file my_file-v4.cif (mmCIF, C-alpha atoms)
data_run
#
loop_
_atom_site.label_atom_id
_atom_site.label_comp_id
_atom_site.auth_asym_id
_atom_site.auth_seq_id
_atom_site.Cartn_x
_atom_site.Cartn_y
_atom_site.Cartn_z
CA MET A 1 -59.24 16.04 -82.82
CA LYS A 2 -59.68 15.34 -86.52
CA ILE A 3 -62.84 13.86 -88.04
CA ALA A 4 -62.01 11.93 -91.20
CA LEU A 5 -63.77 9.91 -93.87
CA ASP A 6 -62.65 6.48 -95.03
CA PRO A 7 -63.54 6.72 -98.74
CA TYR A 8 -63.60 2.98 -99.47
CA MET A 9 -67.20 3.14 -100.72
CA LEU A 10 -66.06 5.90 -103.11
CA ARG A 11 -63.17 3.92 -104.60
CA SER A 12 -64.76 4.02 -108.07
CA VAL A 13 -64.31 7.80 -108.06
CA PRO A 14 -61.14 8.62 -110.06
CA LEU A 15 -58.23 9.20 -107.70
CA LEU A 16 -57.65 12.84 -108.60
CA GLU A 17 -61.37 13.63 -108.26
CA LEU A 18 -61.65 11.99 -104.84
CA PRO A 19 -60.45 14.98 -102.74
CA GLY A 20 -63.09 17.23 -104.31
CA VAL A 21 -65.83 14.71 -103.54
CA VAL A 22 -64.64 14.38 -99.94
CA ALA A 23 -64.66 18.17 -99.59
CA ASP A 24 -68.17 18.38 -101.07
CA LEU A 25 -69.31 15.91 -98.42
CA GLY A 26 -68.12 18.35 -95.75
CA TYR A 27 -64.95 16.57 -94.61
CA GLU A 28 -61.63 18.31 -94.14
CA TYR A 29 -59.74 15.06 -93.54
CA ILE A 30 -59.50 11.73 -95.28
CA GLU A 31 -58.23 8.39 -94.00
CA LEU A 32 -56.70 6.92 -97.10
CA SER A 33 -57.72 3.26 -97.31
CA PRO A 34 -56.59 0.69 -99.89
CA ARG A 35 -57.65 1.11 -103.52
CA GLU A 36 -56.43 -0.82 -106.54
CA ASP A 37 -54.90 2.12 -108.40
CA PHE A 38 -52.91 3.52 -105.48
CA MET A 39 -52.23 1.19 -102.56
CA PRO A 40 -54.04 -2.17 -102.99
CA PHE A 41 -54.82 -4.66 -100.26
CA PHE A 42 -51.81 -6.90 -99.49
CA LEU A 43 -49.79 -5.85 -102.55
CA HIS A 44 -47.03 -3.35 -103.31
CA PRO A 45 -48.27 0.24 -103.83
CA ARG A 46 -49.07 1.02 -107.46
CA ALA A 47 -48.38 4.76 -107.24
CA ASP A 48 -45.16 6.21 -108.63
CA ASP A 49 -43.83 9.59 -107.47
CA ALA A 50 -45.68 11.43 -110.24
CA LYS A 51 -49.04 9.97 -109.19
CA VAL A 52 -48.35 10.78 -105.54
CA ARG A 53 -47.52 14.39 -106.47
CA ALA A 54 -50.65 14.67 -108.58
CA PHE A 55 -52.80 13.34 -105.76
CA LYS A 56 -51.14 15.70 -103.28
CA ASN A 57 -51.91 18.62 -105.60
CA ALA A 58 -55.53 17.48 -105.86
CA LEU A 59 -55.75 17.28 -102.06
CA ASP A 60 -54.30 20.77 -101.69
CA GLY A 61 -56.63 22.14 -104.34
CA ALA A 62 -59.68 20.74 -102.55
CA GLY A 63 -58.51 21.83 -99.10
CA VAL A 64 -58.44 18.23 -97.86
CA LYS A 65 -55.67 16.73 -95.73
CA VAL A 66 -54.72 13.09 -95.17
CA ALA A 67 -55.33 12.43 -91.48
CA SER A 68 -53.95 8.91 -91.78
CA ASN A 69 -52.83 6.38 -94.37
CA LEU A 70 -54.20 2.85 -93.88
CA PRO A 71 -52.23 0.03 -95.57
CA LEU A 72 -52.99 -3.64 -95.03
CA TYR A 73 -50.15 -6.13 -95.47
CA ARG A 74 -49.36 -9.66 -94.29
CA TRP A 75 -46.54 -8.48 -92.05
CA SER A 76 -47.47 -11.00 -89.36
CA GLY A 77 -48.44 -13.88 -91.60
CA PRO A 78 -46.89 -17.25 -90.88
CA ASP A 79 -45.35 -17.42 -94.37
CA GLU A 80 -41.88 -15.85 -94.23
CA ASP A 81 -41.74 -14.92 -97.93
CA GLU A 82 -45.01 -13.02 -97.57
CA ARG A 83 -43.77 -11.36 -94.40
CA GLU A 84 -40.59 -10.17 -96.08
CA ALA A 85 -42.61 -8.86 -99.02
CA ALA A 86 -44.98 -7.06 -96.65
CA VAL A 87 -42.07 -5.25 -95.01
CA ARG A 88 -40.95 -4.05 -98.45
CA TYR A 89 -44.50 -2.86 -99.16
CA TRP A 90 -44.59 -1.06 -95.82
CA LYS A 91 -41.38 0.82 -96.63
CA ARG A 92 -42.86 2.22 -99.83
CA ALA A 93 -46.15 3.01 -98.07
CA ILE A 94 -44.30 4.99 -95.40
CA GLN A 95 -42.55 7.04 -98.09
CA ILE A 96 -45.85 7.75 -99.83
CA THR A 97 -47.37 8.84 -96.53
CA VAL A 98 -44.56 11.31 -95.94
CA ASP A 99 -44.81 12.63 -99.50
CA LEU A 100 -48.52 13.27 -98.94
CA GLY A 101 -47.66 15.50 -95.98
CA CYS A 102 -49.06 13.03 -93.45
CA ASP A 103 -47.34 11.68 -90.34
CA VAL A 104 -49.91 9.10 -89.20
CA MET A 105 -50.51 5.54 -90.39
CA ASN A 106 -52.88 2.92 -89.05
CA SER A 107 -53.20 -0.78 -89.70
CA GLU A 108 -54.15 -4.17 -88.29
CA PHE A 109 -52.11 -6.79 -86.48
CA ASN A 110 -52.90 -9.33 -89.22
CA GLY A 111 -51.53 -12.88 -88.84
CA ARG A 112 -53.56 -15.99 -88.12
CA PRO A 113 -55.47 -16.74 -84.89
CA ASP A 114 -54.87 -20.47 -85.34
CA GLN A 115 -51.10 -19.80 -85.44
CA ALA A 116 -51.03 -17.00 -82.91
CA SER A 117 -47.60 -17.62 -81.39
CA LEU A 118 -45.90 -17.93 -84.78
CA SER A 119 -47.76 -14.87 -86.06
CA GLU A 120 -46.66 -12.88 -83.04
CA ALA A 121 -43.05 -13.86 -83.65
CA LYS A 122 -43.38 -12.66 -87.24
CA PHE A 123 -44.99 -9.42 -86.05
CA TRP A 124 -42.09 -8.62 -83.74
CA ARG A 125 -39.58 -9.38 -86.48
CA SER A 126 -41.39 -6.96 -88.80
CA MET A 127 -41.56 -4.30 -86.08
CA GLU A 128 -37.81 -4.62 -85.50
CA GLU A 129 -37.27 -3.77 -89.17
CA LEU A 130 -39.92 -1.07 -89.51
CA LEU A 131 -39.88 0.81 -86.21
CA PRO A 132 -36.52 2.50 -86.97
CA ILE A 133 -38.02 3.74 -90.24
CA PHE A 134 -41.11 5.12 -88.49
CA GLU A 135 -38.76 6.84 -86.05
CA ARG A 136 -36.51 8.23 -88.78
CA GLU A 137 -39.47 9.63 -90.73
CA GLY A 138 -41.39 10.82 -87.66
CA VAL A 139 -44.45 8.78 -88.66
CA ARG A 140 -46.81 7.57 -85.95
CA LEU A 141 -48.49 4.17 -86.13
CA ARG A 142 -51.90 3.24 -84.71
CA LEU A 143 -52.75 -0.48 -84.45
CA GLU A 144 -56.11 -2.20 -84.14
CA PRO A 145 -57.11 -5.78 -83.34
CA HIS A 146 -59.24 -7.17 -86.14
CA PRO A 147 -61.53 -10.20 -86.37
CA ASP A 148 -59.44 -13.15 -87.59
CA ASP A 149 -56.12 -11.50 -86.68
CA PHE A 150 -53.71 -13.21 -84.30
CA VAL A 151 -54.80 -10.50 -81.85
CA GLU A 152 -58.57 -10.02 -81.64
CA ASP A 153 -59.13 -9.05 -77.99
CA GLY A 154 -59.05 -5.33 -77.24
CA LYS A 155 -57.17 -5.49 -73.95
CA VAL A 156 -54.58 -7.89 -75.36
CA ALA A 157 -54.08 -5.48 -78.26
CA ALA A 158 -53.55 -2.56 -75.88
CA ASP A 159 -50.93 -4.60 -74.04
CA MET A 160 -49.25 -5.48 -77.34
CA VAL A 161 -48.97 -1.77 -78.09
CA ARG A 162 -47.51 -1.18 -74.63
CA GLY A 163 -45.00 -3.93 -75.33
CA ILE A 164 -43.75 -2.13 -78.44
CA ASN A 165 -42.68 0.57 -75.98
CA SER A 166 -42.52 3.43 -78.46
CA PRO A 167 -44.17 6.86 -78.14
CA LEU A 168 -44.89 6.65 -81.87
CA VAL A 169 -47.14 3.57 -81.59
CA SER A 170 -50.64 3.73 -80.12
CA PHE A 171 -54.01 1.95 -80.09
CA LEU A 172 -56.98 2.21 -82.46
CA TYR A 173 -60.45 1.30 -81.16
CA CYS A 174 -62.72 0.11 -83.97
CA ALA A 175 -66.33 0.39 -82.81
CA PRO A 176 -67.81 -2.10 -85.31
CA HIS A 177 -65.38 -4.72 -83.97
CA THR A 178 -66.64 -4.21 -80.41
CA PHE A 179 -68.29 -7.62 -80.16
CA HIS A 180 -65.19 -9.41 -81.47
CA MET A 181 -62.84 -7.58 -79.07
CA GLY A 182 -64.45 -9.02 -75.95
CA GLY A 183 -67.63 -6.94 -75.95
CA ASP A 184 -66.63 -4.84 -72.92
CA MET A 185 -66.36 -1.60 -74.88
CA VAL A 186 -66.04 0.87 -72.00
CA GLU A 187 -63.54 -1.34 -70.14
CA ILE A 188 -61.34 -1.67 -73.23
CA MET A 189 -61.38 2.05 -73.94
CA GLU A 190 -60.55 2.87 -70.32
CA TYR A 191 -57.88 0.16 -70.22
CA ALA A 192 -56.20 1.68 -73.28
CA GLY A 193 -56.55 5.19 -71.82
CA PRO A 194 -54.13 7.68 -73.40
CA LEU A 195 -52.82 4.96 -75.73
CA MET A 196 -56.15 5.26 -77.60
CA THR A 197 -55.48 7.92 -80.23
CA HIS A 198 -57.61 6.70 -83.14
CA LEU A 199 -61.21 5.57 -83.59
CA HIS A 200 -63.18 3.90 -86.36
CA LEU A 201 -66.88 4.69 -86.26
CA ALA A 202 -69.54 2.39 -87.69
CA ASP A 203 -72.25 0.24 -86.16
CA ALA A 204 -72.56 -3.54 -85.91
CA PHE A 205 -74.79 -6.25 -84.48
CA ASP A 206 -73.76 -8.39 -81.53
CA HIS A 207 -73.06 -11.80 -83.05
CA THR A 208 -72.89 -13.33 -79.55
CA ALA A 209 -76.53 -12.50 -78.79
CA SER A 210 -79.31 -15.06 -78.58
CA SER A 211 -76.94 -17.67 -77.13
CA GLY A 212 -74.62 -17.22 -80.08
CA LEU A 213 -77.39 -18.01 -82.57
CA ARG A 214 -77.76 -14.50 -83.97
CA TYR A 215 -75.93 -15.72 -87.08
CA ILE A 216 -76.10 -19.38 -88.01
CA VAL A 217 -73.11 -20.35 -90.14
CA ASN A 218 -72.77 -23.74 -91.76
CA PRO A 219 -71.03 -26.06 -91.39
CA PRO A 220 -71.30 -26.03 -87.58
CA GLY A 221 -68.05 -25.05 -85.95
CA SER A 222 -67.04 -22.66 -88.74
CA THR A 223 -64.43 -20.14 -87.65
CA ALA A 224 -65.92 -17.38 -89.82
CA ARG A 225 -66.08 -13.94 -88.17
CA VAL A 226 -69.23 -11.99 -89.00
CA HIS A 227 -69.63 -8.27 -88.43
CA GLN A 228 -70.90 -5.18 -90.20
CA HIS A 229 -69.87 -1.55 -90.77
CA LEU A 230 -73.27 0.19 -90.64
CA ASP A 231 -74.43 3.75 -90.14
CA ILE A 232 -74.56 4.78 -86.49
CA GLY A 233 -77.88 3.69 -85.02
CA GLN A 234 -78.43 0.70 -87.31
CA GLY A 235 -76.66 -1.79 -85.05
CA GLU A 236 -76.17 -2.47 -81.35
CA VAL A 237 -73.09 -0.48 -80.34
CA ASP A 238 -73.99 1.65 -77.29
CA TRP A 239 -73.14 5.06 -78.73
CA ASP A 240 -74.18 7.02 -75.65
CA ALA A 241 -71.70 5.00 -73.57
CA PHE A 242 -69.11 5.25 -76.34
CA PHE A 243 -69.14 9.04 -76.52
CA ALA A 244 -69.54 9.46 -72.77
CA THR A 245 -66.36 7.41 -72.30
CA LEU A 246 -64.53 9.54 -74.87
CA ASN A 247 -65.62 12.61 -72.98
CA ARG A 248 -64.38 11.19 -69.69
CA LEU A 249 -61.04 10.27 -71.26
CA GLY A 250 -60.64 13.68 -72.92
CA PHE A 251 -60.23 12.17 -76.37
CA ALA A 252 -61.29 15.35 -78.17
CA ASP A 253 -58.48 17.28 -76.47
CA GLY A 254 -55.84 15.37 -78.43
CA ALA A 255 -54.95 17.57 -81.38
CA ASP A 256 -53.62 14.59 -83.34
CA ASN A 257 -56.36 12.15 -82.35
CA VAL A 258 -58.44 10.89 -85.27
CA MET A 259 -62.07 9.82 -85.45
CA THR A 260 -62.88 8.16 -88.79
CA SER A 261 -66.24 7.35 -90.33
CA CYS A 262 -65.81 3.90 -91.88
CA VAL A 263 -69.15 2.62 -93.12
CA PHE A 264 -68.92 -0.03 -95.84
CA ALA A 265 -72.46 -1.39 -96.12
CA TRP A 266 -74.09 1.09 -98.46
CA GLU A 267 -72.18 1.58 -101.70
CA GLU A 268 -75.41 2.51 -103.48
CA ARG A 269 -75.82 5.41 -101.05
CA ALA A 270 -72.19 6.11 -100.19
CA ARG A 271 -72.53 9.90 -100.28
CA GLU A 272 -75.72 9.96 -98.24
CA SER A 273 -74.11 7.67 -95.66
CA ALA A 274 -70.99 9.84 -95.45
CA THR A 275 -73.12 12.94 -94.90
CA PHE A 276 -75.26 11.20 -92.28
CA MET A 277 -72.19 10.00 -90.42
CA ARG A 278 -70.56 13.44 -90.42
CA GLU A 279 -73.71 15.06 -89.09
CA THR A 280 -74.31 12.36 -86.48
CA ILE A 281 -70.72 12.42 -85.25
CA ALA A 282 -70.88 16.21 -84.97
CA LYS A 283 -74.10 15.92 -82.98
CA TYR A 284 -72.58 13.46 -80.52
CA VAL A 285 -69.37 15.46 -80.20
CA GLY A 286 -71.36 18.62 -79.64
CA SER A 287 -73.31 16.96 -76.83
CA TRP A 288 -70.09 16.41 -74.86
#

call {"tool": "encode", "arguments": {"input": "my_file-v4.cif", "output": "structure tokens"}}
result
Amino acid sequence: MKIALDPYMLRSVPLLELPGVVADLGYEYIELSPREDFMPFFLHPRADDAKVRAFKNALDGAGVKVASNLPLYRWSGPDEDEREAAVRYWKRAIQITVDLGCDVMNSEFNGRPDQASLSEAKFWRSMEELLPIFEREGVRLRLEPHPDDFVEDGKVAADMVRGINSPLVSFLYCAPHTFHMGGDMVEIMEYAGPLMTHLHLADAFDHTASSGLRYIVNPPGSTARVHQHLDIGQGEVDWDAFFATLNRLGFADGADNVMTSCVFAWEERARESATFMRETIAKYVGSW
């Protein structure tokens, strides 16, 4: 199992300095998330081959490896022009991933929950185009349901992954999305079983608590999804049950399984948070 850091809170660090900072924080692996000067959210990658080579050299020099590359594109969006563009962006992102010496990518289902059937049709069309490329390059894909995606429920997402019917595609459980995935954390993890190869670790509050009045959003009836990515222990995810379930499922035995710290709430203390998360994850893993 690999323990990685999502460096989104460190995105102001110059790209070629980032691997050294990650190493100084005690991480051997990085989950490369979107940043404006490399692979932005929802847009074509900005990196040419020279920048990719320079970043790879910086990674090698710091002794840091890319555990996974995380692009976010509108590959399931209801707009066909955007979907076609997203597929083009994916193709370049896959090539960058390979050039970085990585064979794992993870992403979200995307799409729109209010146009779920159309979004799913777009998703399958994109998969038909992209899956042969993943297969040709030997790159594995891990998918997560996300709040406001056309797939939000954890069990439905696991079944979607099963429906892709490829040994290269598996399921990512994102702990801070627990209360948007149905709330039944242990059941979802057990339902996914060996399909669950990737985890995102951060804490969140249960927005359904107090009869759904934990967060009051105006106007009434708003479809906004509210959640956090906090340090472990600052929210309401049951971490003892989380790690006990991982132990029961043998998650740590998977050499290519990835556990990523992805806290986004504390940019003013990004390094302290990354250190706290690494130490806390190690403590839980050690208690298995």

call {"tool": "residues_around", "arguments": {"input": "my_file-v4.cif", "residues": "segment 42-46 of chain A", "least_positions_apart": "6", "cutoff": "10 Å", "atoms": "all atoms listed in the file", "output": "short mmCIF file (atom, residue, chain, number, x, y, z; two decimals) with C-alpha atoms, keeping the file's coordinate frame"}}
result
data_model
loop_
_atom_site.label_atom_id
_atom_site.label_comp_id
_atom_site.auth_asym_id
_atom_site.auth_seq_id
_atom_site.Cartn_x
_atom_site.Cartn_y
_atom_site.Cartn_z
CA PRO A 34 -56.59 0.69 -99.89
CA ARG A 35 -57.65 1.11 -103.52
CA GLU A 36 -56.43 -0.82 -106.54
CA VAL A 52 -48.35 10.78 -105.54
CA PRO A 71 -52.23 0.03 -95.57
CA LEU A 72 -52.99 -3.64 -95.03
CA TYR A 73 -50.15 -6.13 -95.47
CA ARG A 74 -49.36 -9.66 -94.29
CA TRP A 75 -46.54 -8.48 -92.05
CA GLU A 82 -45.01 -13.02 -97.57
CA ALA A 85 -42.61 -8.86 -99.02
CA ALA A 86 -44.98 -7.06 -96.65
CA VAL A 87 -42.07 -5.25 -95.01
CA ARG A 88 -40.95 -4.05 -98.45
CA TYR A 89 -44.50 -2.86 -99.16
CA TRP A 90 -44.59 -1.06 -95.82
CA LYS A 91 -41.38 0.82 -96.63
CA ARG A 92 -42.86 2.22 -99.83
CA ALA A 93 -46.15 3.01 -98.07
CA ILE A 96 -45.85 7.75 -99.83
#

call {"tool": "resolve_selection", "arguments": {"input": "my_file-v4.cif", "expression": "the PyMOL selection byres ((chain A and resi 148) around 9)", "output": "JSON, numbers by chain"}}
result
{"A": [110, 111, 112, 113, 114, 145, 146, 147, 149, 150, 151, 152, 223, 224, 225]}

call {"tool": "resolve_selection", "arguments": {"input": "my_file-v4.cif", "expression": "the PyMOL selection byres ((chain A and resi 288) around 12)", "output": "CSV table (one decimal) with C-alpha atoms, keeping the file's coordinate frame"}}
result
chain,number,residue,atom,x,y,z
A,240,ASP,CA,-74.2,7.0,-75.6
A,241,ALA,CA,-71.7,5.0,-73.6
A,242,PHE,CA,-69.1,5.2,-76.3
A,243,PHE,CA,-69.1,9.0,-76.5
A,244,ALA,CA,-69.5,9.5,-72.8
A,245,THR,CA,-66.4,7.4,-72.3
A,246,LEU,CA,-64.5,9.5,-74.9
A,247,ASN,CA,-65.6,12.6,-73.0
A,248,ARG,CA,-64.4,11.2,-69.7
A,249,LEU,CA,-61.0,10.3,-71.3
A,250,GLY,CA,-60.6,13.7,-72.9
A,251,PHE,CA,-60.2,12.2,-76.4
A,252,ALA,CA,-61.3,15.4,-78.2
A,253,ASP,CA,-58.5,17.3,-76.5
A,281,ILE,CA,-70.7,12.4,-85.2
A,282,ALA,CA,-70.9,16.2,-85.0
A,283,LYS,CA,-74.1,15.9,-83.0
A,284,TYR,CA,-72.6,13.5,-80.5
A,285,VAL,CA,-69.4,15.5,-80.2
A,286,GLY,CA,-71.4,18.6,-79.6
A,287,SER,CA,-73.3,17.0,-76.8

call {"tool": "closest_residue", "arguments": {"input": "my_file-v4.cif", "among": "A:Leu59, A:Val186, A:His177, A:Tyr191", "to": "His207 of chain A", "atoms": "only C-alpha atoms"}}
result
A:His177

call {"tool": "atom_distance", "arguments": {"input": "my_file-v4.cif", "atom1": "atom CA of Met160 of chain A", "atom2": "atom CA of Thr260 of chain A"}}
result
22.4 Å

call {"tool": "resolve_selection", "arguments": {"input": "my_file-v4.cif", "expression": "the PyMOL selection byres ((chain A and resi 229) around 6)", "output": "list in words"}}
result
Pro176, Ala202, Asp203, Ala204, Gln228, Leu230, Val263, Phe264 and Ala265 of chain A

call {"tool": "atom_distance", "arguments": {"input": "my_file-v4.cif", "atom1": "atom CA of Val161 of chain A", "atom2": "atom CA of Met196 of chain A"}}
result
10.1 Å

call {"tool": "atom_distance", "arguments": {"input": "my_file-v4.cif", "atom1": "atom CA of Gly233 of chain A", "atom2": "atom CA of Tyr173 of chain A"}}
result
18.0 Å

call {"tool": "residues_around", "arguments": {"input": "my_file-v4.cif", "residues": "Val13 of chain A", "least_positions_apart": "5", "cutoff": "12 Å", "atoms": "all atoms listed in the file", "output": "count of residues only"}}
result
13

call {"tool": "closest_residue", "arguments": {"input": "my_file-v4.cif", "among": "A:Asp238, A:Val169, A:Glu28, A:Val226", "to": "Met185 of chain A", "atoms": "only C-alpha atoms"}}
result
A:Asp238

call {"tool": "closest_residue", "arguments": {"input": "my_file-v4.cif", "among": "A:His227, A:Arg125, A:Lys51, A:His180", "to": "Ile164 of chain A", "atoms": "all atoms listed in the file"}}
result
A:Arg125

call {"tool": "closest_residue", "arguments": {"input": "my_file-v4.cif", "among": "A:Lys122, A:Pro40, A:Gly212, A:Ile133", "to": "Asp81 of chain A", "atoms": "all atoms listed in the file"}}
result
A:Lys122

call {"tool": "closest_residue", "arguments": {"input": "my_file-v4.cif", "among": "A:Leu15, A:Val156, A:Ile188, A:Leu141", "to": "Cys174 of chain A", "atoms": "all atoms listed in the file"}}
result
A:Ile188

call {"tool": "residues_around", "arguments": {"input": "my_file-v4.cif", "residues": "Leu16 of chain A", "least_positions_apart": "2", "cutoff": "6 Å", "atoms": "all atoms listed in the file", "output": "PyMOL selection string"}}
result
chain A and resi 14+18+55+58

call {"tool": "closest_residue", "arguments": {"input": "my_file-v4.cif", "among": "A:Ala157, A:Val66, A:Leu143, A:Val104", "to": "Leu172 of chain A", "atoms": "all atoms listed in the file"}}
result
A:Leu143

call {"tool": "build_atoms", "arguments": {"input": "my_file-v4.cif", "residues": "segment 82-91 of chain A", "atoms": "all heavy atoms", "output": "mmCIF file, in the frame of the given file"}}
result
data_model
loop_
_atom_site.group_PDB
_atom_site.id
_atom_site.type_symbol
_atom_site.label_atom_id
_atom_site.label_comp_id
_atom_site.auth_asym_id
_atom_site.auth_seq_id
_atom_site.Cartn_x
_atom_site.Cartn_y
_atom_site.Cartn_z
ATOM 1 N N GLU A 82 -43.991 -14.067 -97.581
ATOM 2 C CA GLU A 82 -45.010 -13.020 -97.570
ATOM 3 C C GLU A 82 -44.678 -11.946 -96.549
ATOM 4 O O GLU A 82 -44.920 -10.751 -96.791
ATOM 5 C CB GLU A 82 -46.393 -13.625 -97.257
ATOM 6 C CG GLU A 82 -47.042 -14.311 -98.434
ATOM 7 C CD GLU A 82 -48.514 -14.602 -98.203
ATOM 8 O OE1 GLU A 82 -48.894 -14.867 -97.043
ATOM 9 O OE2 GLU A 82 -49.274 -14.562 -99.175
ATOM 10 N N ARG A 83 -44.137 -12.358 -95.405
ATOM 11 C CA ARG A 83 -43.770 -11.360 -94.400
ATOM 12 C C ARG A 83 -42.689 -10.430 -94.917
ATOM 13 O O ARG A 83 -42.770 -9.206 -94.758
ATOM 14 C CB ARG A 83 -43.297 -12.048 -93.107
ATOM 15 C CG ARG A 83 -43.100 -11.071 -91.954
ATOM 16 C CD ARG A 83 -42.126 -11.601 -90.926
ATOM 17 N NE ARG A 83 -40.756 -11.674 -91.441
ATOM 18 C CZ ARG A 83 -39.923 -10.626 -91.506
ATOM 19 N NH1 ARG A 83 -40.305 -9.428 -91.116
ATOM 20 N NH2 ARG A 83 -38.697 -10.790 -91.987
ATOM 21 N N GLU A 84 -41.665 -10.990 -95.542
ATOM 22 C CA GLU A 84 -40.590 -10.170 -96.080
ATOM 23 C C GLU A 84 -41.112 -9.224 -97.164
ATOM 24 O O GLU A 84 -40.715 -8.051 -97.235
ATOM 25 C CB GLU A 84 -39.482 -11.047 -96.630
ATOM 26 C CG GLU A 84 -38.723 -11.812 -95.552
ATOM 27 C CD GLU A 84 -37.664 -12.735 -96.130
ATOM 28 O OE1 GLU A 84 -37.543 -12.792 -97.386
ATOM 29 O OE2 GLU A 84 -36.960 -13.395 -95.338
ATOM 30 N N ALA A 85 -42.013 -9.724 -97.991
ATOM 31 C CA ALA A 85 -42.610 -8.860 -99.020
ATOM 32 C C ALA A 85 -43.415 -7.744 -98.373
ATOM 33 O O ALA A 85 -43.360 -6.586 -98.812
ATOM 34 C CB ALA A 85 -43.501 -9.697 -99.942
ATOM 35 N N ALA A 86 -44.169 -8.074 -97.321
ATOM 36 C CA ALA A 86 -44.980 -7.060 -96.650
ATOM 37 C C ALA A 86 -44.126 -5.944 -96.070
ATOM 38 O O ALA A 86 -44.515 -4.770 -96.113
ATOM 39 C CB ALA A 86 -45.809 -7.722 -95.541
ATOM 40 N N VAL A 87 -42.972 -6.284 -95.532
ATOM 41 C CA VAL A 87 -42.070 -5.250 -95.010
ATOM 42 C C VAL A 87 -41.623 -4.325 -96.138
ATOM 43 O O VAL A 87 -41.560 -3.096 -95.965
ATOM 44 C CB VAL A 87 -40.872 -5.901 -94.294
ATOM 45 C CG1 VAL A 87 -39.800 -4.862 -93.983
ATOM 46 C CG2 VAL A 87 -41.330 -6.586 -93.007
ATOM 47 N N ARG A 88 -41.318 -4.897 -97.308
ATOM 48 C CA ARG A 88 -40.950 -4.050 -98.450
ATOM 49 C C ARG A 88 -42.110 -3.127 -98.827
ATOM 50 O O ARG A 88 -41.905 -1.941 -99.131
ATOM 51 C CB ARG A 88 -40.555 -4.921 -99.646
ATOM 52 C CG ARG A 88 -39.240 -5.669 -99.465
ATOM 53 C CD ARG A 88 -38.734 -6.236 -100.779
ATOM 54 N NE ARG A 88 -39.619 -7.275 -101.309
ATOM 55 C CZ ARG A 88 -39.516 -8.572 -100.996
ATOM 56 N NH1 ARG A 88 -38.570 -8.979 -100.157
ATOM 57 N NH2 ARG A 88 -40.331 -9.452 -101.531
ATOM 58 N N TYR A 89 -43.329 -3.676 -98.819
ATOM 59 C CA TYR A 89 -44.500 -2.860 -99.160
ATOM 60 C C TYR A 89 -44.685 -1.730 -98.144
ATOM 61 O O TYR A 89 -45.012 -0.594 -98.505
ATOM 62 C CB TYR A 89 -45.762 -3.708 -99.205
ATOM 63 C CG TYR A 89 -45.710 -4.922 -100.112
ATOM 64 C CD1 TYR A 89 -46.647 -5.945 -99.982
ATOM 65 C CD2 TYR A 89 -44.728 -5.061 -101.100
ATOM 66 C CE1 TYR A 89 -46.619 -7.058 -100.798
ATOM 67 C CE2 TYR A 89 -44.696 -6.176 -101.919
ATOM 68 C CZ TYR A 89 -45.642 -7.175 -101.759
ATOM 69 O OH TYR A 89 -45.613 -8.290 -102.569
ATOM 70 N N TRP A 90 -44.477 -2.063 -96.876
ATOM 71 C CA TRP A 90 -44.590 -1.060 -95.820
ATOM 72 C C TRP A 90 -43.606 0.097 -96.050
ATOM 73 O O TRP A 90 -43.957 1.270 -95.864
ATOM 74 C CB TRP A 90 -44.298 -1.688 -94.451
ATOM 75 C CG TRP A 90 -45.509 -2.074 -93.651
ATOM 76 C CD1 TRP A 90 -45.963 -3.331 -93.399
ATOM 77 C CD2 TRP A 90 -46.402 -1.184 -92.973
ATOM 78 N NE1 TRP A 90 -47.088 -3.283 -92.612
ATOM 79 C CE2 TRP A 90 -47.376 -1.989 -92.328
ATOM 80 C CE3 TRP A 90 -46.472 0.198 -92.830
ATOM 81 C CZ2 TRP A 90 -48.413 -1.436 -91.571
ATOM 82 C CZ3 TRP A 90 -47.509 0.748 -92.080
ATOM 83 C CH2 TRP A 90 -48.459 -0.065 -91.464
ATOM 84 N N LYS A 91 -42.390 -0.223 -96.440
ATOM 85 C CA LYS A 91 -41.380 0.820 -96.630
ATOM 86 C C LYS A 91 -41.816 1.819 -97.697
ATOM 87 O O LYS A 91 -41.666 3.035 -97.540
ATOM 88 C CB LYS A 91 -40.034 0.190 -96.985
ATOM 89 C CG LYS A 91 -39.406 -0.590 -95.833
ATOM 90 C CD LYS A 91 -38.124 -1.285 -96.267
ATOM 91 C CE LYS A 91 -37.518 -2.074 -95.117
ATOM 92 N NZ LYS A 91 -36.280 -2.806 -95.528
#
